[in-house]
Amino acid sequence: MIKVFRKPVSDPGMDKTAKNLTPEKIEKVIKWVLEKEADIRLKTYIETCIHCGLCSEACHYYLSYRRDPSYAPAGKVRQTLWDMLRKKGKVDGETVKMYARIAYTECNLCRRCSMYCPFGIDIAYLLSLVRRISGLLQVAPQYLQDNTNSHMHTSTQSWVPQDEWVDTVQWIEEELRMEIKNARIPLDKVGAEVMYTPHSHEVTFKTKIMSNIAKILNVAGVDWTMPSRDGWENTNQAMHAGYYETMGMIERKHFEAAFRLMVKKIMSGECGHAFRAAVYDGTRWLGWKNPPITYVSAVQFFYELIRDGRIKIAKKIQEPVTVQDPCSLVRNRGLGNMLRFIIRGTCEDFRDVTPGYEHNYCCCAGGGVINYGPPWKFIRMEGGRVKVKQLKATGAKIVIAPCHSCHKTIEEMSDFYKLGLHVMFANELIVQTMEIPEEMKAGQ
Amino acid sequence: MYEFLTSIEFYNFIKGPMVWVTFIIFIGGSLYRAITLLQGAKKAKVIFPYMSLKYSLRSTLHWIIPFASTNMRKHPLLTSISFLFHICLILTPIFLYAHNILWRESWNIRWWTLPEGIADIMTLTVIFCLLFFLLRRLLSPEVRFLTFASDYFLLFIVTAPFITGFMAFHQLFFDYDLMVTIHILSGELMLMAIPFTRLIHMLFFWLTRAYTGSDFGAVRHSRDY
């Protein structure tokens, strides 16, 4: 047996709640999830896995932690699900805490290991079951639980009240008019072509992003809108916490907002998980096969704008640029080529990453890990070492990361490891390079 | 004990009724596992709606052709050994001359047989591949971390028929009567174990690959190889 070493981390969301658990409650929840909620995939995957360890090299944690087998995908299943199944759910609170730590903080649910398993076992599905169990027992990082509470109360991730949302949109619009003549951020426009869905950070501390999006959509002449009420945001941390009821509620509100406005399609912001929750997890939870309304990512929408000539590029960026393929958009949606089309269209010196496209490493912030707050920042910095190495090798100065999680963590890693990288969203790239017709420019 | 194992009555039993029992358990058990899996998949609701023949085939082909997937190219030695192992493991018992004689004696059916020399090489290949797997289990940390007693047991029940068969044929160490009895018993044990152990991957490989292939290809528009 190989010894498993972990730094002690104190997180009240896990330490305090784990103390309150009784063995009966734990057993009940484990049995409920594994026997009632989990479908046939669990049994099939557990019984097909031949314990070969070939998934190991798929995992960025395994690679970043110097090939420590306890960070390998199957190694993590071994310490959680196999353990639960062997003990038939008879475990104590401390063990649940260990399960929670592994499932929440040592797996980004990026699904890269499925591409490396000879049987194609969806290991992320298995670990999301562990998250579900820990979530139902309320043993989850405190910040993540807080996000979920925020979703339940305000239907946004970061406690944005209703009035503040509308107010923020209005002042962003007002400021945008300094640059674009009669710029509009139309709220509640019934029958618009597109409904834009921002990340709640776009109205709290990254308002520039919202302003960029509005600028692009105004210049391209897109008929767009956003709902003024609940449903305008669906970043869905509840999906990561394993609170699937809340996850479903968020997506339902989101889709209902679109139905109310009778829009033709929804454009998700540059957020991987909001997209994933809407297109896969939330949709399936609500009982649809595919989203009930055409759902596109901002990457795809921008690609179409540039391809169709609705946005013209005036001057390209000269500095060397590389890319971060967000798992939810590339591995899980195949938008890698569209993303590269945008970058090649706006940058002179594009240096692709190896491995790229669906084989790209996760940024180590996905699966909600970005939201766990200060206690868990180290795990992103350490687990991202392989990502840092990969980005360094390209020699680029700018990284394009069209996902809030990837963007934030790469920025932090750049500070932490003194990489001097500048991280940009695709919308920043377009705003910096696009041509604004003279007649649209606000008079000086 | 020795007298019992080498007695003609016992030999006739394991060569006759026991073979029937083995095949009934092997085929019946496999069918049972396949049917329960498909029923479960139907109940799960998120599996069948996403299945796609094209992407199931794409994924399966990329994982049964040597070096067609990224991970196989990353581990050239293990890939070569695994493919050799599985090919020899399946072909040797089916086309072995001694086995074909049994089929002909019982049902008068015959098919192509392997020359003795090649069959020997293939048997040894299986044994050496299994030895490699055992060493990998013992020495490679990421595999050792996943290893339980059951993994050694699986290696053992797969190795046993090949070692005993080889020993019986070449009359090494023990006499033929004893070895052939043990060989038949171990072969029957392996076949009966398939539906009820992780050796079921022989059957489930095709099903999990098809699902993952469909999910990656048809739903998520990306590749799983």
# chains A, B, ... in the order shown; residues from 1 in each chain; ligands from 1

call {"tool": "closest_atom_pairs", "arguments": {"of": "chain B", "to": "chain A", "cutoff": "6 Å", "atoms": "only C-alpha atoms", "output": "tab-separated table"}}
result
residue	atom	partner	partner_atom	distance
B:Gly40	CA	A:Ile40	CA	5.1
B:Ala41	CA	A:Ile40	CA	5.9
B:Ala44	CA	A:Asp39	CA	5.3
B:Asn71	CA	A:Tyr116	CA	5.5
B:Glu142	CA	A:Pro69	CA	4.5
B:Val143	CA	A:Gly53	CA	5.0
B:Leu146	CA	A:His51	CA	5.7
B:Arg198	CA	A:Glu47	CA	5.4
B:His201	CA	A:Thr48	CA	4.9
B:Phe205	CA	A:Phe119	CA	5.5
B:Arg209	CA	A:Gly120	CA	5.5
B:Thr212	CA	A:Gly120	CA	5.6
B:Arg220	CA	A:Arg333	CA	4.4
B:His221	CA	A:Gly334	CA	4.8
B:Ser222	CA	A:Gly334	CA	4.9
B:Asp224	CA	A:Met115	CA	4.5
B:Tyr225	CA	A:Met115	CA	5.5

call {"tool": "residues_around", "arguments": {"residues": "Phe128 of chain B", "least_positions_apart": "5", "cutoff": "9 Å", "atoms": "only C-alpha atoms", "output": "PyMOL selection string"}}
result
chain B and resi 85+123+133

call {"tool": "residues_around", "arguments": {"residues": "His199 of chain A", "least_positions_apart": "2", "cutoff": "7 Å", "atoms": "only C-alpha atoms", "output": "ChimeraX atom specification"}}
result
/A:197,201-202,233,235,269,271

call {"tool": "closest_residue", "arguments": {"among": "A:Arg276, A:Lys312, A:Lys215, A:Lys87", "to": "Glu251 of chain A", "atoms": "only C-alpha atoms"}}
result
A:Arg276

call {"tool": "atom_distance", "arguments": {"atom1": "atom CA of Lys392 of chain A", "atom2": "atom CA of Tyr417 of chain A"}}
result
10.4 Å

call {"tool": "closest_residue", "arguments": {"among": "B:Leu207, B:Leu61, B:Ile163, B:Arg223", "to": "Ala34 of chain B", "atoms": "only C-alpha atoms"}}
result
B:Leu207

call {"tool": "atom_distance", "arguments": {"atom1": "atom CA of Phe350 of chain A", "atom2": "atom CA of Val321 of chain A"}}
result
4.9 Å

call {"tool": "select_by_dssp", "arguments": {"residues": "segment 87-140 of chain B", "states": "alpha helix (DSSP H)", "output": "PDB file with C-alpha atoms, in the first residue's frame"}}
result
ATOM      1  CA  ILE B  87      -4.819 -11.965 -29.795  1.00  0.00           C
ATOM      2  CA  CYS B  88      -2.942 -15.026 -28.565  1.00  0.00           C
ATOM      3  CA  LEU B  89      -5.285 -15.487 -25.620  1.00  0.00           C
ATOM      4  CA  ILE B  90      -8.308 -15.753 -27.866  1.00  0.00           C
ATOM      5  CA  LEU B  91      -6.862 -17.504 -30.921  1.00  0.00           C
ATOM      6  CA  THR B  92      -4.718 -20.175 -29.282  1.00  0.00           C
ATOM      7  CA  PRO B  93      -7.467 -22.139 -27.510  1.00  0.00           C
ATOM      8  CA  ILE B  94      -9.818 -21.878 -30.479  1.00  0.00           C
ATOM      9  CA  PHE B  95      -7.381 -23.148 -33.099  1.00  0.00           C
ATOM     10  CA  TYR B  97      -4.876 -28.918 -32.611  1.00  0.00           C
ATOM     11  CA  ALA B  98      -5.574 -30.826 -29.384  1.00  0.00           C
ATOM     12  CA  HIS B  99      -8.768 -28.824 -28.809  1.00  0.00           C
ATOM     13  CA  ASN B 100      -9.915 -29.359 -32.358  1.00  0.00           C
ATOM     14  CA  ILE B 101      -9.586 -33.098 -31.917  1.00  0.00           C
ATOM     15  CA  LEU B 102     -12.023 -32.859 -29.006  1.00  0.00           C
ATOM     16  CA  TRP B 103     -14.520 -30.943 -31.135  1.00  0.00           C
ATOM     17  CA  ARG B 104     -14.188 -33.521 -33.896  1.00  0.00           C
ATOM     18  CA  GLU B 105     -14.601 -36.450 -31.529  1.00  0.00           C
ATOM     19  CA  SER B 106     -17.690 -34.966 -29.933  1.00  0.00           C
ATOM     20  CA  TRP B 107     -19.575 -33.301 -32.750  1.00  0.00           C
ATOM     21  CA  GLU B 116       2.305 -27.046 -33.083  1.00  0.00           C
ATOM     22  CA  GLY B 117       5.323 -24.773 -33.117  1.00  0.00           C
ATOM     23  CA  ILE B 118       3.239 -21.653 -33.581  1.00  0.00           C
ATOM     24  CA  ALA B 119       0.774 -22.741 -30.928  1.00  0.00           C
ATOM     25  CA  ASP B 120       3.675 -23.196 -28.534  1.00  0.00           C
ATOM     26  CA  ILE B 121       5.001 -19.741 -29.275  1.00  0.00           C
ATOM     27  CA  MET B 122       1.564 -18.241 -28.812  1.00  0.00           C
ATOM     28  CA  THR B 123       1.074 -20.012 -25.501  1.00  0.00           C
ATOM     29  CA  LEU B 124       4.426 -18.807 -24.262  1.00  0.00           C
ATOM     30  CA  THR B 125       3.537 -15.314 -25.467  1.00  0.00           C
ATOM     31  CA  VAL B 126       0.411 -15.350 -23.318  1.00  0.00           C
ATOM     32  CA  ILE B 127       2.390 -16.547 -20.319  1.00  0.00           C
ATOM     33  CA  PHE B 128       5.112 -13.944 -20.757  1.00  0.00           C
ATOM     34  CA  CYS B 129       2.580 -11.174 -21.303  1.00  0.00           C
ATOM     35  CA  LEU B 130       0.856 -12.165 -18.088  1.00  0.00           C
ATOM     36  CA  LEU B 131       4.209 -12.150 -16.359  1.00  0.00           C
ATOM     37  CA  PHE B 132       4.712  -8.634 -17.694  1.00  0.00           C
ATOM     38  CA  PHE B 133       1.317  -7.594 -16.342  1.00  0.00           C
ATOM     39  CA  LEU B 134       2.211  -9.091 -12.987  1.00  0.00           C
ATOM     40  CA  LEU B 135       5.518  -7.239 -12.869  1.00  0.00           C
ATOM     41  CA  ARG B 136       3.792  -4.033 -13.924  1.00  0.00           C
ATOM     42  CA  ARG B 137       1.317  -4.500 -11.100  1.00  0.00           C
ATOM     43  CA  LEU B 138       4.109  -5.000  -8.626  1.00  0.00           C
ATOM     44  CA  LEU B 139       6.515  -2.365  -9.825  1.00  0.00           C
TER      45      LEU B 139
END

call {"tool": "atom_distance", "arguments": {"atom1": "atom CA of Ala442 of chain A", "atom2": "atom CA of Gln170 of chain A"}}
result
17.6 Å

call {"tool": "residues_around", "arguments": {"residues": "Glu348 of chain A", "least_positions_apart": "5", "cutoff": "7 Å", "atoms": "only C-alpha atoms", "output": "PDB file with N, CA and C atoms, in the first residue's frame"}}
result
ATOM      1  N   LYS A 316      -4.292  43.787 -36.322  1.00  0.00           N
ATOM      2  CA  LYS A 316      -4.095  42.553 -35.553  1.00  0.00           C
ATOM      3  C   LYS A 316      -3.115  42.780 -34.407  1.00  0.00           C
ATOM      4  N   ILE A 317      -3.207  41.947 -33.403  1.00  0.00           N
ATOM      5  CA  ILE A 317      -2.285  42.016 -32.268  1.00  0.00           C
ATOM      6  C   ILE A 317      -0.947  41.417 -32.691  1.00  0.00           C
ATOM      7  N   GLN A 318       0.137  42.113 -32.367  1.00  0.00           N
ATOM      8  CA  GLN A 318       1.458  41.695 -32.853  1.00  0.00           C
ATOM      9  C   GLN A 318       2.168  40.722 -31.908  1.00  0.00           C
TER      10      GLN A 318
END

call {"tool": "closest_residue", "arguments": {"among": "B:Thr6, B:Tyr11, B:Ser30, B:Leu37", "to": "Phe196 of chain B", "atoms": "only C-alpha atoms"}}
result
B:Ser30

call {"tool": "select_by_dssp", "arguments": {"residues": "segment 127-197 of chain A", "states": "strand (DSSP E or B)", "output": "list in words"}}
result
Ile180, Leu187, Val194, Met195, Tyr196 and Thr197 of chain A

call {"tool": "closest_atom_pairs", "arguments": {"of": "segment 99-201 of chain A", "to": "segment 12-18 of chain A", "cutoff": "12 Å", "atoms": "only C-alpha atoms", "output": "Markdown table"}}
result
| residue | atom | partner | partner_atom | distance |
| --- | --- | --- | --- | --- |
| A:Tyr99 | CA | A:Met14 | CA | 10.6 |
| A:Ala100 | CA | A:Met14 | CA | 7.9 |
| A:Arg101 | CA | A:Met14 | CA | 8.4 |
| A:Tyr104 | CA | A:Met14 | CA | 10.8 |
| A:Thr105 | CA | A:Met14 | CA | 11.7 |
| A:Ser134 | CA | A:Met14 | CA | 9.3 |
| A:Gly135 | CA | A:Met14 | CA | 10.1 |
| A:Leu136 | CA | A:Thr17 | CA | 11.2 |
| A:Leu137 | CA | A:Thr17 | CA | 8.0 |
| A:Gln138 | CA | A:Thr17 | CA | 6.5 |
| A:Val139 | CA | A:Met14 | CA | 4.6 |
| A:Ala140 | CA | A:Met14 | CA | 5.4 |
| A:Pro141 | CA | A:Gly13 | CA | 5.0 |
| A:Gln142 | CA | A:Gly13 | CA | 3.9 |
| A:Tyr143 | CA | A:Gly13 | CA | 7.7 |
| A:Leu144 | CA | A:Gly13 | CA | 8.6 |
| A:Gln145 | CA | A:Gly13 | CA | 7.4 |
| A:Asp146 | CA | A:Gly13 | CA | 9.3 |

call {"tool": "write_last_selection", "arguments": {"atoms": "C-alpha atoms", "output": "mmCIF file, in the first residue's frame"}}
result
data_model
loop_
_atom_site.group_PDB
_atom_site.id
_atom_site.type_symbol
_atom_site.label_atom_id
_atom_site.label_comp_id
_atom_site.auth_asym_id
_atom_site.auth_seq_id
_atom_site.Cartn_x
_atom_site.Cartn_y
_atom_site.Cartn_z
ATOM 1 C CA TYR A 99 -13.940 11.638 0.000
ATOM 2 C CA ALA A 100 -15.120 15.222 -0.318
ATOM 3 C CA ARG A 101 -11.608 16.576 -0.498
ATOM 4 C CA TYR A 104 -14.148 18.422 -4.896
ATOM 5 C CA THR A 105 -10.585 19.617 -4.848
ATOM 6 C CA SER A 134 -20.679 14.742 -0.090
ATOM 7 C CA GLY A 135 -22.999 17.507 -1.213
ATOM 8 C CA LEU A 136 -26.066 15.817 0.237
ATOM 9 C CA LEU A 137 -24.126 15.397 3.479
ATOM 10 C CA GLN A 138 -23.231 19.095 3.218
ATOM 11 C CA VAL A 139 -19.538 18.331 3.372
ATOM 12 C CA ALA A 140 -18.334 20.670 0.639
ATOM 13 C CA PRO A 141 -15.976 23.666 0.475
ATOM 14 C CA GLN A 142 -17.670 26.525 2.270
ATOM 15 C CA TYR A 143 -17.319 28.977 -0.601
ATOM 16 C CA LEU A 144 -18.980 26.534 -2.937
ATOM 17 C CA GLN A 145 -21.876 26.070 -0.526
ATOM 18 C CA ASP A 146 -22.139 29.835 -0.315
#

call {"tool": "closest_residue", "arguments": {"among": "A:Ile379, A:Ala426, A:Ile123, A:Met239", "to": "Lys7 of chain A", "atoms": "only C-alpha atoms"}}
result
A:Ile379

call {"tool": "residues_around", "arguments": {"residues": "segment 397-412 of chain A", "least_positions_apart": "4", "cutoff": "7 Å", "atoms": "only C-alpha atoms", "output": "ChimeraX atom specification"}}
result
/A:270-272,319-326,363,365-366,370,416,421-426

call {"tool": "residues_around", "arguments": {"residues": "Ala218 of chain B", "least_positions_apart": "2", "cutoff": "8 Å", "atoms": "only C-alpha atoms", "output": "compact mmCIF listing (two decimals) with C-alpha atoms, in the first residue's frame"}}
result
# COMPACT_ATOMS: atom_id res chain seq x y z
CA TYR B 50 -27.52 9.67 -27.33
CA MET B 51 -26.29 6.50 -29.01
CA SER B 52 -24.95 6.84 -32.52
CA TYR B 55 -19.49 7.34 -33.54
CA GLY B 213 -17.82 7.10 -28.48
CA SER B 214 -21.37 8.31 -29.07
CA ASP B 215 -21.20 10.76 -26.19
CA PHE B 216 -17.95 12.26 -27.40
CA ARG B 220 -19.94 16.73 -27.60
CA HIS B 221 -18.46 16.99 -31.10

call {"tool": "decode", "arguments": {"residues": "segment 49-151 of chain B", "atoms": "C-alpha atoms", "output": "PDB file, in the first residue's frame"}}
result
ATOM      1  CA  PRO B  49     -31.134   8.669 -26.744  1.00  0.00           C
ATOM      2  CA  TYR B  50     -27.516   9.671 -27.328  1.00  0.00           C
ATOM      3  CA  MET B  51     -26.294   6.497 -29.010  1.00  0.00           C
ATOM      4  CA  SER B  52     -24.955   6.838 -32.516  1.00  0.00           C
ATOM      5  CA  LEU B  53     -23.808   3.968 -34.677  1.00  0.00           C
ATOM      6  CA  LYS B  54     -21.294   6.029 -36.606  1.00  0.00           C
ATOM      7  CA  TYR B  55     -19.492   7.339 -33.541  1.00  0.00           C
ATOM      8  CA  SER B  56     -19.705   3.996 -31.720  1.00  0.00           C
ATOM      9  CA  LEU B  57     -17.874   2.412 -34.614  1.00  0.00           C
ATOM     10  CA  ARG B  58     -15.399   5.276 -34.858  1.00  0.00           C
ATOM     11  CA  SER B  59     -14.496   4.963 -31.210  1.00  0.00           C
ATOM     12  CA  THR B  60     -14.358   1.170 -31.198  1.00  0.00           C
ATOM     13  CA  LEU B  61     -12.161   1.066 -34.284  1.00  0.00           C
ATOM     14  CA  HIS B  62      -9.735   3.552 -32.800  1.00  0.00           C
ATOM     15  CA  TRP B  63      -9.358   1.377 -29.755  1.00  0.00           C
ATOM     16  CA  ILE B  64      -9.075  -2.050 -31.416  1.00  0.00           C
ATOM     17  CA  ILE B  65      -6.532  -0.999 -34.019  1.00  0.00           C
ATOM     18  CA  PRO B  66      -3.062  -0.942 -32.467  1.00  0.00           C
ATOM     19  CA  PHE B  67      -1.654   2.573 -32.002  1.00  0.00           C
ATOM     20  CA  ALA B  68      -4.783   4.279 -33.293  1.00  0.00           C
ATOM     21  CA  SER B  69      -5.360   6.202 -30.085  1.00  0.00           C
ATOM     22  CA  THR B  70      -3.184   8.777 -28.354  1.00  0.00           C
ATOM     23  CA  ASN B  71      -2.769   6.793 -25.173  1.00  0.00           C
ATOM     24  CA  MET B  72      -1.655   3.704 -27.079  1.00  0.00           C
ATOM     25  CA  ARG B  73       1.025   5.745 -28.813  1.00  0.00           C
ATOM     26  CA  LYS B  74       2.186   7.016 -25.430  1.00  0.00           C
ATOM     27  CA  HIS B  75       2.839   3.481 -24.181  1.00  0.00           C
ATOM     28  CA  PRO B  76       4.284   1.572 -27.148  1.00  0.00           C
ATOM     29  CA  LEU B  77       5.570  -1.367 -25.110  1.00  0.00           C
ATOM     30  CA  LEU B  78       2.382  -1.890 -23.135  1.00  0.00           C
ATOM     31  CA  THR B  79       0.259  -1.471 -26.259  1.00  0.00           C
ATOM     32  CA  SER B  80       2.240  -4.090 -28.178  1.00  0.00           C
ATOM     33  CA  ILE B  81       2.125  -6.494 -25.274  1.00  0.00           C
ATOM     34  CA  SER B  82      -1.584  -5.997 -24.657  1.00  0.00           C
ATOM     35  CA  PHE B  83      -2.479  -6.577 -28.273  1.00  0.00           C
ATOM     36  CA  LEU B  84      -0.244  -9.642 -28.570  1.00  0.00           C
ATOM     37  CA  PHE B  85      -1.680 -10.957 -25.339  1.00  0.00           C
ATOM     38  CA  HIS B  86      -5.323 -10.569 -26.296  1.00  0.00           C
ATOM     39  CA  ILE B  87      -4.819 -11.965 -29.795  1.00  0.00           C
ATOM     40  CA  CYS B  88      -2.942 -15.026 -28.565  1.00  0.00           C
ATOM     41  CA  LEU B  89      -5.285 -15.487 -25.620  1.00  0.00           C
ATOM     42  CA  ILE B  90      -8.308 -15.753 -27.866  1.00  0.00           C
ATOM     43  CA  LEU B  91      -6.862 -17.504 -30.921  1.00  0.00           C
ATOM     44  CA  THR B  92      -4.718 -20.175 -29.282  1.00  0.00           C
ATOM     45  CA  PRO B  93      -7.467 -22.139 -27.510  1.00  0.00           C
ATOM     46  CA  ILE B  94      -9.818 -21.878 -30.479  1.00  0.00           C
ATOM     47  CA  PHE B  95      -7.381 -23.148 -33.099  1.00  0.00           C
ATOM     48  CA  LEU B  96      -5.246 -25.479 -31.017  1.00  0.00           C
ATOM     49  CA  TYR B  97      -4.876 -28.918 -32.611  1.00  0.00           C
ATOM     50  CA  ALA B  98      -5.574 -30.826 -29.384  1.00  0.00           C
ATOM     51  CA  HIS B  99      -8.768 -28.824 -28.809  1.00  0.00           C
ATOM     52  CA  ASN B 100      -9.915 -29.359 -32.358  1.00  0.00           C
ATOM     53  CA  ILE B 101      -9.586 -33.098 -31.917  1.00  0.00           C
ATOM     54  CA  LEU B 102     -12.023 -32.859 -29.006  1.00  0.00           C
ATOM     55  CA  TRP B 103     -14.520 -30.943 -31.135  1.00  0.00           C
ATOM     56  CA  ARG B 104     -14.188 -33.521 -33.896  1.00  0.00           C
ATOM     57  CA  GLU B 105     -14.601 -36.450 -31.529  1.00  0.00           C
ATOM     58  CA  SER B 106     -17.690 -34.966 -29.933  1.00  0.00           C
ATOM     59  CA  TRP B 107     -19.575 -33.301 -32.750  1.00  0.00           C
ATOM     60  CA  ASN B 108     -17.515 -34.177 -35.789  1.00  0.00           C
ATOM     61  CA  ILE B 109     -16.868 -30.538 -36.607  1.00  0.00           C
ATOM     62  CA  ARG B 110     -13.453 -29.365 -37.723  1.00  0.00           C
ATOM     63  CA  TRP B 111     -11.758 -26.126 -38.612  1.00  0.00           C
ATOM     64  CA  TRP B 112      -8.360 -24.683 -39.265  1.00  0.00           C
ATOM     65  CA  THR B 113      -5.657 -25.659 -36.782  1.00  0.00           C
ATOM     66  CA  LEU B 114      -2.461 -23.975 -35.676  1.00  0.00           C
ATOM     67  CA  PRO B 115       0.827 -25.755 -36.320  1.00  0.00           C
ATOM     68  CA  GLU B 116       2.305 -27.046 -33.083  1.00  0.00           C
ATOM     69  CA  GLY B 117       5.323 -24.773 -33.117  1.00  0.00           C
ATOM     70  CA  ILE B 118       3.239 -21.653 -33.581  1.00  0.00           C
ATOM     71  CA  ALA B 119       0.774 -22.741 -30.928  1.00  0.00           C
ATOM     72  CA  ASP B 120       3.675 -23.196 -28.534  1.00  0.00           C
ATOM     73  CA  ILE B 121       5.001 -19.741 -29.275  1.00  0.00           C
ATOM     74  CA  MET B 122       1.564 -18.241 -28.812  1.00  0.00           C
ATOM     75  CA  THR B 123       1.074 -20.012 -25.501  1.00  0.00           C
ATOM     76  CA  LEU B 124       4.426 -18.807 -24.262  1.00  0.00           C
ATOM     77  CA  THR B 125       3.537 -15.314 -25.467  1.00  0.00           C
ATOM     78  CA  VAL B 126       0.411 -15.350 -23.318  1.00  0.00           C
ATOM     79  CA  ILE B 127       2.390 -16.547 -20.319  1.00  0.00           C
ATOM     80  CA  PHE B 128       5.112 -13.944 -20.757  1.00  0.00           C
ATOM     81  CA  CYS B 129       2.580 -11.174 -21.303  1.00  0.00           C
ATOM     82  CA  LEU B 130       0.856 -12.165 -18.088  1.00  0.00           C
ATOM     83  CA  LEU B 131       4.209 -12.150 -16.359  1.00  0.00           C
ATOM     84  CA  PHE B 132       4.712  -8.634 -17.694  1.00  0.00           C
ATOM     85  CA  PHE B 133       1.317  -7.594 -16.342  1.00  0.00           C
ATOM     86  CA  LEU B 134       2.211  -9.091 -12.987  1.00  0.00           C
ATOM     87  CA  LEU B 135       5.518  -7.239 -12.869  1.00  0.00           C
ATOM     88  CA  ARG B 136       3.792  -4.033 -13.924  1.00  0.00           C
ATOM     89  CA  ARG B 137       1.317  -4.500 -11.100  1.00  0.00           C
ATOM     90  CA  LEU B 138       4.109  -5.000  -8.626  1.00  0.00           C
ATOM     91  CA  LEU B 139       6.515  -2.365  -9.825  1.00  0.00           C
ATOM     92  CA  SER B 140       4.580   0.495 -11.330  1.00  0.00           C
ATOM     93  CA  PRO B 141       3.297   2.747  -8.523  1.00  0.00           C
ATOM     94  CA  GLU B 142       0.155   3.916 -10.298  1.00  0.00           C
ATOM     95  CA  VAL B 143      -0.881   0.308 -10.959  1.00  0.00           C
ATOM     96  CA  ARG B 144       0.142  -0.965  -7.546  1.00  0.00           C
ATOM     97  CA  PHE B 145      -2.064   1.678  -5.988  1.00  0.00           C
ATOM     98  CA  LEU B 146      -5.049   0.117  -7.760  1.00  0.00           C
ATOM     99  CA  THR B 147      -4.138  -3.491  -7.033  1.00  0.00           C
ATOM    100  CA  PHE B 148      -6.139  -5.751  -4.759  1.00  0.00           C
ATOM    101  CA  ALA B 149      -5.908  -9.476  -4.108  1.00  0.00           C
ATOM    102  CA  SER B 150      -8.602  -9.950  -6.741  1.00  0.00           C
ATOM    103  CA  ASP B 151      -6.266  -8.572  -9.407  1.00  0.00           C
TER     104      ASP B 151
END
